[in-house]
$ cat structure-v3.cif   # mmCIF, C-alpha atoms and all ligand atoms
data_work
loop_
_atom_site.group_PDB
_atom_site.id
_atom_site.type_symbol
_atom_site.label_atom_id
_atom_site.label_comp_id
_atom_site.auth_asym_id
_atom_site.auth_seq_id
_atom_site.Cartn_x
_atom_site.Cartn_y
_atom_site.Cartn_z
ATOM 1 C CA MET A 1 -0.508 -19.858 -14.491
ATOM 2 C CA VAL A 2 -0.795 -16.908 -12.134
ATOM 3 C CA SER A 3 -3.729 -14.497 -12.368
ATOM 4 C CA THR A 4 -3.458 -11.099 -14.002
ATOM 5 C CA ILE A 5 -3.720 -7.950 -11.885
ATOM 6 C CA THR A 6 -7.156 -7.334 -13.429
ATOM 7 C CA GLU A 7 -8.379 -10.800 -12.418
ATOM 8 C CA LEU A 8 -7.023 -10.341 -8.904
ATOM 9 C CA LYS A 9 -8.622 -6.895 -8.591
ATOM 10 C CA THR A 10 -11.999 -8.390 -9.585
ATOM 11 C CA ARG A 11 -11.711 -11.035 -6.849
ATOM 12 C CA ILE A 12 -10.561 -8.481 -4.258
ATOM 13 C CA ASP A 13 -13.391 -6.067 -5.132
ATOM 14 C CA ALA A 14 -15.946 -8.877 -4.952
ATOM 15 C CA TYR A 15 -14.631 -10.064 -1.574
ATOM 16 C CA LEU A 16 -14.655 -6.548 -0.108
ATOM 17 C CA ASP A 17 -18.160 -5.864 -1.480
ATOM 18 C CA GLN A 18 -19.661 -8.909 0.204
ATOM 19 C CA ALA A 19 -17.598 -9.193 3.425
ATOM 20 C CA LEU A 20 -17.142 -5.613 4.610
ATOM 21 C CA PRO A 21 -20.783 -4.564 5.186
ATOM 22 C CA MET A 22 -21.434 -7.752 7.184
ATOM 23 C CA ASP A 23 -18.882 -6.698 9.803
ATOM 24 C CA ILE A 24 -20.408 -3.273 10.599
ATOM 25 C CA ASP A 25 -23.787 -2.767 12.281
ATOM 26 C CA GLN A 26 -23.774 1.036 12.877
ATOM 27 C CA PRO A 27 -25.419 2.465 9.715
ATOM 28 C CA THR A 28 -23.506 5.775 9.347
ATOM 29 C CA LEU A 29 -20.188 4.211 10.284
ATOM 30 C CA LYS A 30 -20.903 1.414 7.792
ATOM 31 C CA GLU A 31 -21.685 3.924 5.050
ATOM 32 C CA SER A 32 -18.552 5.922 5.798
ATOM 33 C CA MET A 33 -16.235 2.876 5.918
ATOM 34 C CA CYS A 34 -17.742 1.313 2.779
ATOM 35 C CA TYR A 35 -17.639 4.682 0.954
ATOM 36 C CA SER A 36 -13.843 4.848 1.059
ATOM 37 C CA VAL A 37 -13.170 1.133 0.546
ATOM 38 C CA GLU A 38 -15.492 1.072 -2.460
ATOM 39 C CA ALA A 39 -14.119 4.310 -3.916
ATOM 40 C CA GLY A 40 -12.121 2.406 -6.505
ATOM 41 C CA GLY A 41 -8.474 2.013 -5.523
ATOM 42 C CA LYS A 42 -6.049 -0.042 -7.593
ATOM 43 C CA ARG A 43 -5.977 -2.814 -4.918
ATOM 44 C CA LEU A 44 -2.223 -3.025 -5.472
ATOM 45 C CA ARG A 45 -1.329 -4.265 -1.993
ATOM 46 C CA PRO A 46 -3.674 -7.290 -1.714
ATOM 47 C CA ALA A 47 -2.962 -8.071 -5.389
ATOM 48 C CA LEU A 48 0.764 -8.270 -4.543
ATOM 49 C CA THR A 49 0.001 -10.686 -1.700
ATOM 50 C CA LEU A 50 -2.221 -12.854 -3.910
ATOM 51 C CA VAL A 51 0.173 -13.015 -6.862
ATOM 52 C CA THR A 52 2.996 -13.994 -4.505
ATOM 53 C CA ILE A 53 0.819 -16.785 -3.093
ATOM 54 C CA GLU A 54 -0.025 -18.083 -6.571
ATOM 55 C CA MET A 55 3.605 -17.994 -7.719
ATOM 56 C CA LEU A 56 4.551 -19.991 -4.623
ATOM 57 C CA GLY A 57 2.018 -22.667 -5.532
ATOM 58 C CA LYS A 58 -1.011 -22.098 -3.267
ATOM 59 C CA LYS A 59 -4.566 -21.522 -4.470
ATOM 60 C CA ILE A 60 -6.561 -18.467 -3.458
ATOM 61 C CA ASP A 61 -9.494 -19.424 -1.196
ATOM 62 C CA GLN A 62 -11.780 -17.399 1.105
ATOM 63 C CA ASN A 63 -9.281 -17.522 3.996
ATOM 64 C CA VAL A 64 -6.442 -16.256 1.840
ATOM 65 C CA LEU A 65 -8.686 -13.533 0.391
ATOM 66 C CA ARG A 66 -9.750 -12.380 3.846
ATOM 67 C CA ALA A 67 -6.140 -12.138 5.056
ATOM 68 C CA ALA A 68 -5.012 -10.357 1.868
ATOM 69 C CA CYS A 69 -7.948 -7.901 1.876
ATOM 70 C CA ALA A 70 -7.187 -6.958 5.498
ATOM 71 C CA LEU A 71 -4.315 -4.924 4.089
ATOM 72 C CA GLU A 72 -6.653 -2.979 1.800
ATOM 73 C CA LEU A 73 -8.746 -2.036 4.849
ATOM 74 C CA LEU A 74 -5.646 -0.763 6.595
ATOM 75 C CA HIS A 75 -4.417 1.101 3.500
ATOM 76 C CA THR A 76 -7.837 2.787 3.192
ATOM 77 C CA TYR A 77 -7.676 3.904 6.835
ATOM 78 C CA SER A 78 -4.302 5.535 6.140
ATOM 79 C CA LEU A 79 -5.707 7.474 3.183
ATOM 80 C CA ILE A 80 -8.807 8.653 5.126
ATOM 81 C CA HIS A 81 -6.661 9.916 8.001
ATOM 82 C CA ASP A 82 -4.053 11.398 5.647
ATOM 83 C CA ASP A 83 -6.786 13.493 3.982
ATOM 84 C CA LEU A 84 -8.206 14.877 7.275
ATOM 85 C CA PRO A 85 -8.129 18.647 7.928
ATOM 86 C CA ALA A 86 -5.560 18.060 10.683
ATOM 87 C CA MET A 87 -3.240 16.299 8.213
ATOM 88 C CA ASP A 88 -3.166 17.047 4.465
ATOM 89 C CA ASN A 89 -6.632 18.645 4.410
ATOM 90 C CA ASP A 90 -7.569 17.291 0.988
ATOM 91 C CA ASP A 91 -11.069 17.623 -0.467
ATOM 92 C CA LEU A 92 -10.717 15.043 -3.213
ATOM 93 C CA ARG A 93 -9.411 11.482 -3.333
ATOM 94 C CA ARG A 94 -9.622 9.394 -6.503
ATOM 95 C CA GLY A 95 -11.654 12.256 -8.002
ATOM 96 C CA GLU A 96 -14.420 12.050 -5.360
ATOM 97 C CA PRO A 97 -15.063 14.022 -2.132
ATOM 98 C CA THR A 98 -12.856 12.769 0.693
ATOM 99 C CA ASN A 99 -14.432 10.898 3.583
ATOM 100 C CA HIS A 100 -14.484 13.899 5.964
ATOM 101 C CA VAL A 101 -16.029 16.160 3.285
ATOM 102 C CA LYS A 102 -18.890 13.692 2.974
ATOM 103 C CA PHE A 103 -19.287 12.475 6.572
ATOM 104 C CA GLY A 104 -17.513 15.084 8.738
ATOM 105 C CA ALA A 105 -14.107 14.836 10.419
ATOM 106 C CA GLY A 106 -15.399 12.934 13.468
ATOM 107 C CA MET A 107 -17.051 10.160 11.461
ATOM 108 C CA ALA A 108 -14.083 10.008 9.043
ATOM 109 C CA THR A 109 -11.707 9.559 11.980
ATOM 110 C CA LEU A 110 -13.896 6.730 13.276
ATOM 111 C CA ALA A 111 -14.175 5.144 9.824
ATOM 112 C CA GLY A 112 -10.356 5.060 9.727
ATOM 113 C CA ASP A 113 -10.186 3.676 13.270
ATOM 114 C CA GLY A 114 -12.786 1.036 12.341
ATOM 115 C CA LEU A 115 -10.892 -0.044 9.206
ATOM 116 C CA LEU A 116 -7.575 -0.246 11.049
ATOM 117 C CA THR A 117 -9.079 -2.414 13.769
ATOM 118 C CA LEU A 118 -11.115 -4.563 11.381
ATOM 119 C CA ALA A 119 -7.934 -5.283 9.406
ATOM 120 C CA PHE A 120 -6.515 -7.141 12.403
ATOM 121 C CA GLN A 121 -9.842 -8.948 12.899
ATOM 122 C CA TRP A 122 -9.732 -10.216 9.295
ATOM 123 C CA LEU A 123 -6.102 -11.269 9.691
ATOM 124 C CA THR A 124 -6.923 -13.386 12.715
ATOM 125 C CA ASP A 125 -10.520 -14.673 12.370
ATOM 126 C CA ASN A 126 -9.862 -16.758 9.236
ATOM 127 C CA GLN A 127 -9.043 -20.473 9.089
ATOM 128 C CA LEU A 128 -5.347 -20.189 8.147
ATOM 129 C CA PRO A 129 -3.006 -22.011 10.588
ATOM 130 C CA VAL A 130 -2.863 -20.191 13.948
ATOM 131 C CA ASP A 131 0.885 -19.492 13.753
ATOM 132 C CA VAL A 132 0.468 -18.020 10.254
ATOM 133 C CA ARG A 133 -2.258 -15.678 11.543
ATOM 134 C CA ALA A 134 -0.089 -14.626 14.502
ATOM 135 C CA ASN A 135 2.898 -13.970 12.216
ATOM 136 C CA LEU A 136 0.758 -11.893 9.841
ATOM 137 C CA ALA A 137 -0.708 -9.789 12.665
ATOM 138 C CA LEU A 138 2.733 -9.135 14.156
ATOM 139 C CA ALA A 139 4.268 -8.243 10.789
ATOM 140 C CA LEU A 140 1.406 -5.893 9.870
ATOM 141 C CA ALA A 141 1.533 -4.193 13.289
ATOM 142 C CA LYS A 142 5.261 -3.540 12.754
ATOM 143 C CA ALA A 143 4.787 -2.335 9.174
ATOM 144 C CA ALA A 144 1.806 -0.062 9.846
ATOM 145 C CA GLY A 145 2.414 1.153 13.383
ATOM 146 C CA PRO A 146 4.903 3.380 15.176
ATOM 147 C CA SER A 147 7.904 1.536 13.733
ATOM 148 C CA GLY A 148 6.525 1.790 10.178
ATOM 149 C CA MET A 149 3.904 3.844 8.389
ATOM 150 C CA VAL A 150 2.763 5.930 11.374
ATOM 151 C CA ALA A 151 6.382 6.895 12.116
ATOM 152 C CA GLY A 152 6.869 7.833 8.454
ATOM 153 C CA GLN A 153 3.784 10.043 8.573
ATOM 154 C CA ALA A 154 5.090 11.684 11.771
ATOM 155 C CA ARG A 155 8.460 12.355 10.105
ATOM 156 C CA ASP A 156 6.619 13.791 7.115
ATOM 157 C CA ILE A 157 4.660 16.213 9.308
ATOM 158 C CA GLU A 158 7.836 17.266 11.127
ATOM 159 C CA GLY A 159 9.731 17.584 7.847
ATOM 160 C CA GLU A 160 7.307 20.168 6.434
ATOM 161 C CA GLY A 161 9.151 23.435 6.147
ATOM 162 C CA GLN A 162 12.504 21.670 6.595
ATOM 163 C CA HIS A 163 14.854 20.645 3.809
ATOM 164 C CA LEU A 164 15.430 16.884 4.110
ATOM 165 C CA LYS A 165 18.599 15.191 2.842
ATOM 166 C CA LEU A 166 18.260 12.283 0.397
ATOM 167 C CA ASN A 167 18.918 9.628 3.049
ATOM 168 C CA GLU A 168 16.306 11.236 5.334
ATOM 169 C CA LEU A 169 13.756 11.323 2.517
ATOM 170 C CA GLN A 170 14.490 7.673 1.674
ATOM 171 C CA TYR A 171 14.049 6.644 5.309
ATOM 172 C CA LEU A 172 10.766 8.551 5.542
ATOM 173 C CA HIS A 173 9.377 6.852 2.446
ATOM 174 C CA ARG A 174 10.658 3.427 3.462
ATOM 175 C CA GLN A 175 8.427 3.778 6.523
ATOM 176 C CA LYS A 176 5.489 5.758 5.142
ATOM 177 C CA THR A 177 4.861 3.998 1.825
ATOM 178 C CA GLY A 178 7.428 1.204 1.592
ATOM 179 C CA ALA A 179 6.635 -0.697 4.785
ATOM 180 C CA LEU A 180 3.096 -1.685 3.698
ATOM 181 C CA LEU A 181 4.215 -2.704 0.197
ATOM 182 C CA LYS A 182 7.036 -4.772 1.683
ATOM 183 C CA TYR A 183 4.540 -6.402 4.052
ATOM 184 C CA ALA A 184 2.174 -7.066 1.114
ATOM 185 C CA VAL A 185 4.785 -9.214 -0.634
ATOM 186 C CA GLN A 186 6.073 -10.884 2.538
ATOM 187 C CA ALA A 187 2.518 -11.779 3.597
ATOM 188 C CA GLY A 188 2.362 -14.004 0.497
ATOM 189 C CA GLY A 189 5.468 -15.796 1.769
ATOM 190 C CA MET A 190 4.052 -16.130 5.282
ATOM 191 C CA ILE A 191 0.707 -17.510 4.058
ATOM 192 C CA THR A 192 2.541 -20.143 1.996
ATOM 193 C CA GLU A 193 4.838 -20.851 4.967
ATOM 194 C CA GLN A 194 8.150 -20.162 3.231
ATOM 195 C CA PRO A 195 11.551 -20.430 4.919
ATOM 196 C CA ALA A 196 13.173 -17.261 6.319
ATOM 197 C CA ALA A 197 15.531 -16.842 3.348
ATOM 198 C CA VAL A 198 12.578 -16.632 0.936
ATOM 199 C CA ILE A 199 10.677 -14.220 3.220
ATOM 200 C CA ASP A 200 13.799 -12.011 3.360
ATOM 201 C CA LEU A 201 14.111 -11.909 -0.433
ATOM 202 C CA LEU A 202 10.393 -11.210 -0.796
ATOM 203 C CA GLY A 203 10.996 -8.313 1.596
ATOM 204 C CA THR A 204 13.821 -7.004 -0.576
ATOM 205 C CA PHE A 205 11.603 -7.146 -3.659
ATOM 206 C CA GLY A 206 8.730 -5.444 -1.796
ATOM 207 C CA ALA A 207 10.937 -2.719 -0.323
ATOM 208 C CA GLN A 208 12.502 -1.852 -3.696
ATOM 209 C CA PHE A 209 9.084 -1.950 -5.346
ATOM 210 C CA GLY A 210 7.823 0.398 -2.601
ATOM 211 C CA LEU A 211 10.697 2.809 -3.152
ATOM 212 C CA ALA A 212 10.089 2.785 -6.911
ATOM 213 C CA PHE A 213 6.381 3.402 -6.259
ATOM 214 C CA GLN A 214 7.095 6.515 -4.202
ATOM 215 C CA ILE A 215 9.728 7.917 -6.604
ATOM 216 C CA TYR A 216 7.342 7.314 -9.532
ATOM 217 C CA ASP A 217 4.547 9.094 -7.631
ATOM 218 C CA ASP A 218 6.869 12.091 -7.088
ATOM 219 C CA ILE A 219 7.921 12.099 -10.767
ATOM 220 C CA MET A 220 4.314 11.923 -11.968
ATOM 221 C CA ASP A 221 3.465 14.899 -9.746
ATOM 222 C CA VAL A 222 5.926 16.859 -11.878
ATOM 223 C CA ILE A 223 5.342 15.511 -15.380
ATOM 224 C CA ALA A 224 1.715 14.288 -15.492
ATOM 225 C CA THR A 225 -0.917 16.465 -17.133
ATOM 226 C CA PRO A 226 -3.568 18.027 -14.858
ATOM 227 C CA GLU A 227 -6.089 15.506 -16.284
ATOM 228 C CA GLN A 228 -3.873 12.605 -15.214
ATOM 229 C CA MET A 229 -3.481 14.075 -11.728
ATOM 230 C CA GLY A 230 -6.208 14.377 -9.094
ATOM 231 C CA LYS A 231 -6.658 17.850 -7.636
ATOM 232 C CA ALA A 232 -5.289 16.612 -4.300
ATOM 233 C CA THR A 233 -2.092 15.419 -5.965
ATOM 234 C CA GLN A 234 -1.506 18.793 -7.599
ATOM 235 C CA LYS A 235 -1.870 20.380 -4.193
ATOM 236 C CA ASP A 236 0.649 17.904 -2.737
ATOM 237 C CA ALA A 237 3.126 18.736 -5.486
ATOM 238 C CA ALA A 238 2.801 22.443 -4.798
ATOM 239 C CA GLU A 239 3.089 22.132 -1.016
ATOM 240 C CA HIS A 240 5.666 19.390 -0.480
ATOM 241 C CA LYS A 241 9.175 20.357 -1.442
ATOM 242 C CA ASN A 242 10.636 17.152 0.002
ATOM 243 C CA THR A 243 10.371 15.033 -3.134
ATOM 244 C CA TYR A 244 12.852 13.107 -5.281
ATOM 245 C CA PRO A 245 12.667 15.543 -8.222
ATOM 246 C CA GLY A 246 12.860 18.413 -5.705
ATOM 247 C CA LEU A 247 16.111 17.032 -4.268
ATOM 248 C CA LEU A 248 17.718 15.418 -7.315
ATOM 249 C CA GLY A 249 16.070 17.051 -10.326
ATOM 250 C CA LEU A 250 13.893 15.086 -12.741
ATOM 251 C CA ASP A 251 16.793 13.152 -14.304
ATOM 252 C CA GLY A 252 18.239 12.295 -10.891
ATOM 253 C CA ALA A 253 14.823 11.046 -9.719
ATOM 254 C CA LYS A 254 14.453 8.907 -12.856
ATOM 255 C CA GLU A 255 17.906 7.442 -12.198
ATOM 256 C CA GLN A 256 16.889 6.518 -8.626
ATOM 257 C CA LEU A 257 13.699 4.938 -9.990
ATOM 258 C CA GLN A 258 15.701 2.761 -12.399
ATOM 259 C CA LYS A 259 18.083 1.791 -9.581
ATOM 260 C CA ALA A 260 15.190 0.671 -7.339
ATOM 261 C CA LEU A 261 13.605 -1.271 -10.215
ATOM 262 C CA SER A 262 16.887 -2.965 -11.044
ATOM 263 C CA GLN A 263 17.299 -4.045 -7.401
ATOM 264 C CA ALA A 264 13.708 -5.340 -7.391
ATOM 265 C CA ARG A 265 14.490 -7.393 -10.528
ATOM 266 C CA ASP A 266 17.655 -8.789 -8.901
ATOM 267 C CA ALA A 267 15.573 -9.963 -5.916
ATOM 268 C CA GLN A 268 12.984 -11.445 -8.315
ATOM 269 C CA GLN A 269 15.748 -13.410 -10.064
ATOM 270 C CA GLN A 270 17.232 -14.644 -6.781
ATOM 271 C CA LEU A 271 13.761 -15.728 -5.627
ATOM 272 C CA ALA A 272 13.317 -17.760 -8.802
ATOM 273 C CA GLU A 273 16.688 -19.469 -8.208
ATOM 274 C CA LEU A 274 16.014 -20.140 -4.519
ATOM 275 C CA THR A 275 12.459 -21.473 -4.911
ATOM 276 C CA GLY A 276 12.839 -23.112 -8.332
ATOM 277 C CA ARG A 277 9.626 -21.339 -9.378
ATOM 278 C CA SER A 278 8.838 -18.703 -11.954
ATOM 279 C CA MET A 279 8.490 -15.272 -10.388
ATOM 280 C CA ALA A 280 7.249 -13.757 -13.652
ATOM 281 C CA GLY A 281 3.984 -12.784 -11.951
ATOM 282 C CA PHE A 282 5.853 -9.755 -10.566
ATOM 283 C CA ASP A 283 6.526 -8.485 -14.104
ATOM 284 C CA GLN A 284 2.998 -7.097 -14.439
ATOM 285 C CA PHE A 285 3.563 -5.027 -11.274
ATOM 286 C CA LEU A 286 6.942 -3.764 -12.501
ATOM 287 C CA ALA A 287 5.202 -2.707 -15.739
ATOM 288 C CA TYR A 288 3.282 -0.114 -13.682
ATOM 289 C CA PHE A 289 6.250 2.278 -13.917
ATOM 290 C CA LYS A 290 5.840 3.851 -17.345
ATOM 291 C CA LEU A 291 7.696 7.060 -18.101
HETATM 292 C C1 LIG B 301 -2.353 8.745 8.262
HETATM 293 C C2 LIG B 301 -0.948 7.135 9.598
HETATM 294 C C3 LIG B 301 -1.254 7.773 8.309
HETATM 295 C C4 LIG B 301 -0.528 7.448 7.244
HETATM 296 C C5 LIG B 301 -0.758 7.927 5.880
HETATM 297 C C6 LIG B 301 0.320 6.261 2.883
HETATM 298 C C7 LIG B 301 0.125 7.528 3.587
HETATM 299 C C8 LIG B 301 0.410 7.517 5.049
HETATM 300 C C9 LIG B 301 -0.309 8.620 2.950
HETATM 301 C C10 LIG B 301 -0.555 8.728 1.497
HETATM 302 C C11 LIG B 301 0.257 9.836 0.940
HETATM 303 C C12 LIG B 301 0.553 9.580 -0.483
HETATM 304 C C13 LIG B 301 -0.401 10.131 -1.482
HETATM 305 C C14 LIG B 301 1.658 8.892 -0.821
HETATM 306 C C15 LIG B 301 2.022 8.597 -2.230
HETATM 307 C C16 LIG B 301 2.038 7.152 -2.543
HETATM 308 C C17 LIG B 301 0.775 6.490 -2.138
HETATM 309 C C18 LIG B 301 0.814 5.708 -0.885
HETATM 310 C C19 LIG B 301 -0.308 6.595 -2.878
HETATM 311 C C20 LIG B 301 -1.595 5.951 -2.559
HETATM 312 O O1 LIG B 301 -1.547 4.564 -2.806
HETATM 313 P P1 LIG B 301 -2.243 3.917 -4.093
HETATM 314 O O2 LIG B 301 -1.776 4.614 -5.333
HETATM 315 O O3 LIG B 301 -3.744 4.307 -3.802
HETATM 316 O O4 LIG B 301 -2.057 2.436 -4.044
HETATM 317 P P2 LIG B 301 -5.113 3.705 -4.387
HETATM 318 O O5 LIG B 301 -5.985 4.919 -4.592
HETATM 319 O O6 LIG B 301 -4.861 2.968 -5.670
HETATM 320 O O7 LIG B 301 -5.619 2.809 -3.313
#
$ encode --input "structure-v3.cif" --output "structure tokens" --more "lines below"
Ligand code: GRG
Amino acid sequence: MVSTITELKTRIDAYLDQALPMDIDQPTLKESMCYSVEAGGKRLRPALTLVTIEMLGKKIDQNVLRAACALELLHTYSLIHDDLPAMDNDDLRRGEPTNHVKFGAGMATLAGDGLLTLAFQWLTDNQLPVDVRANLALALAKAAGPSGMVAGQARDIEGEGQHLKLNELQYLHRQKTGALLKYAVQAGGMITEQPAAVIDLLGTFGAQFGLAFQIYDDIMDVIATPEQMGKATQKDAAEHKNTYPGLLGLDGAKEQLQKALSQARDAQQQLAELTGRSMAGFDQFLAYFKL
């Protein structure tokens, strides 16, 4: 039996609560880094890694948790920097003051830098086999760095005020949001030392899940009630015209969402056939997309 998302979130939260403060000895930096990590995210990315590991037959221990939670550190860095005055200039994240509102832009920048760097420390200072750790660090560097998320963010900044075509928008999101979600699923394959064909299919599932996640986020910006949306999200919706509903209309965006979900399910099915294992653990993640 694989764990539920709620069970995984509890284990991730507990690991972060006990391990993160131990790694930081500058008090203000520690407070600033812990503030954003403990601000109550969904923990979707490490949960995807952990569920993949369980479905592929390996138990979750402290080493696996450390490697999986590294991704949450990196994700948190991206949100802190995305909120900065020089980027999206948002005052609220998850309903609370953003890191720079509370600690100032300088400390928030450093908190992000610290989390990004610490992510690679956690990926490599655990007791997983050395080649697994090296593969994880390389894959995360590619997914998060200038060939992945950072490039997507750069495209996003340049695209402001321009009208992107659908293929340009898809490419931007594949890098900005999709690359980390794809890595999250593939990391589960790497930690369980799967053959390349399985890692590739895990990547297809993760990439389609990532695309669905972004399209759903865009759709919710349009249809969610103000109570369901954070203030920052409302501001995003008003300021960013390069969205799926903006380009395709609401029905067109919903169609693209269904297409991405259907391709994710195809990859899930192929994974089950290739590995001879149930991949039903992904169903609870696919259930996230409720319209
Ligand atoms: C600053 C280099 C750099 C990158 C920032 C991911 C990103 C790139 C910015 C976030 C912009 C955004 C709101 C995108 C929509 C989809 C998304 C990634 C939402 C946030 O992820 P969740 O929903 O967040 O997993 P929680 O709060 O649950 O952790």
$ residues_around --input "structure-v3.cif" --residues "A:His100" --least-positions-apart "3" --cutoff "12 Å" --atoms "only C-alpha atoms" --output "number ranges by chain"
A: 32-33, 35-36, 79-93, 96-97, 103-112
$ closest_residue --input "structure-v3.cif" --among "A:Ile215, A:Met190, A:Ile5, A:Ala47" --to "A:Ala260" --atoms "only C-alpha atoms"
A:Ile215
$ residues_near_ligand --input "structure-v3.cif" --ligand "ligand LIG 301 (chain B)" --cutoff "9 Å" --atoms "only C-alpha atoms and all ligand atoms" --output "PyMOL selection string"
chain A and resi 37+39-45+72+75-84+87-88+93-94+112+144-146+149-154+173+175-178+180+210+213-218+232-233+236
$ closest_residue --input "structure-v3.cif" --among "A:Phe205, A:Trp122, A:Tyr244, A:Tyr183" --to "A:Tyr15" --atoms "all atoms listed in the file"
A:Trp122
$ closest_atom_pairs --input "structure-v3.cif" --of "stretch 14-132 of chain A" --to "stretch 278-288 of chain A" --cutoff "9 Å" --atoms "only C-alpha atoms" --output "Markdown table"
| residue | atom | partner | partner_atom | distance |
| --- | --- | --- | --- | --- |
| A:Leu44 | CA | A:Phe285 | CA | 8.4 |
| A:Leu48 | CA | A:Phe285 | CA | 8.0 |
| A:Val51 | CA | A:Gly281 | CA | 6.4 |
| A:Thr52 | CA | A:Gly281 | CA | 7.6 |
| A:Glu54 | CA | A:Gly281 | CA | 8.5 |
| A:Met55 | CA | A:Met279 | CA | 6.2 |
| A:Leu56 | CA | A:Met279 | CA | 8.4 |
$ closest_residue --input "structure-v3.cif" --among "A:Ala141, A:Ala70, A:Phe289, A:Gln268" --to "A:Leu211" --atoms "all atoms listed in the file"
A:Phe289
$ closest_residue --input "structure-v3.cif" --among "A:Ile24, A:Leu169, A:Leu164, A:Leu247" --to "A:Thr117" --atoms "all atoms listed in the file"
A:Ile24
$ axis_aligned_box --input "structure-v3.cif" --around "stretch 77-82 of chain A" --padding-each-side "4 Å" --output "JSON"
{"center_x": -6.4, "center_y": 7.7, "center_z": 5.6, "size_x": 12.8, "size_y": 15.5, "size_z": 12.8}
$ atom_distance --input "structure-v3.cif" --atom1 "atom CA of A:Leu257" --atom2 "atom CA of A:Ala207"
12.6 Å
$ residues_around --input "structure-v3.cif" --residues "A:Leu261" --least-positions-apart "5" --cutoff "8 Å" --atoms "all atoms listed in the file" --output "compact mmCIF listing (two decimals) with C-alpha atoms, in the coordinates of the input"
# COMPACT_ATOMS: atom_id res chain seq x y z
CA GLN A 208 12.50 -1.85 -3.70
CA PHE A 209 9.08 -1.95 -5.35
CA ALA A 212 10.09 2.78 -6.91
CA LEU A 286 6.94 -3.76 -12.50
$ resolve_selection --input "structure-v3.cif" --expression "the PyMOL selection byres (((chain A and resi 124-135) around 7) and not hetatm)" --output "PyMOL selection string"
chain A and resi 63+66+120-123+136-139+190-191
$ residues_around --input "structure-v3.cif" --residues "A:Leu65" --least-positions-apart "4" --cutoff "9 Å" --atoms "all atoms listed in the file" --output "ChimeraX atom specification"
/A:11-12,15,46,50,60-61,69-70
$ closest_residue --input "structure-v3.cif" --among "A:Leu115, A:Ala68, A:Leu166, A:Cys34" --to "A:Gln18" --atoms "all atoms listed in the file"
A:Cys34
$ closest_residue --input "structure-v3.cif" --among "A:Glu255, A:Ala272, A:Thr243, A:Asp221" --to "A:His163" --atoms "all atoms listed in the file"
A:Thr243
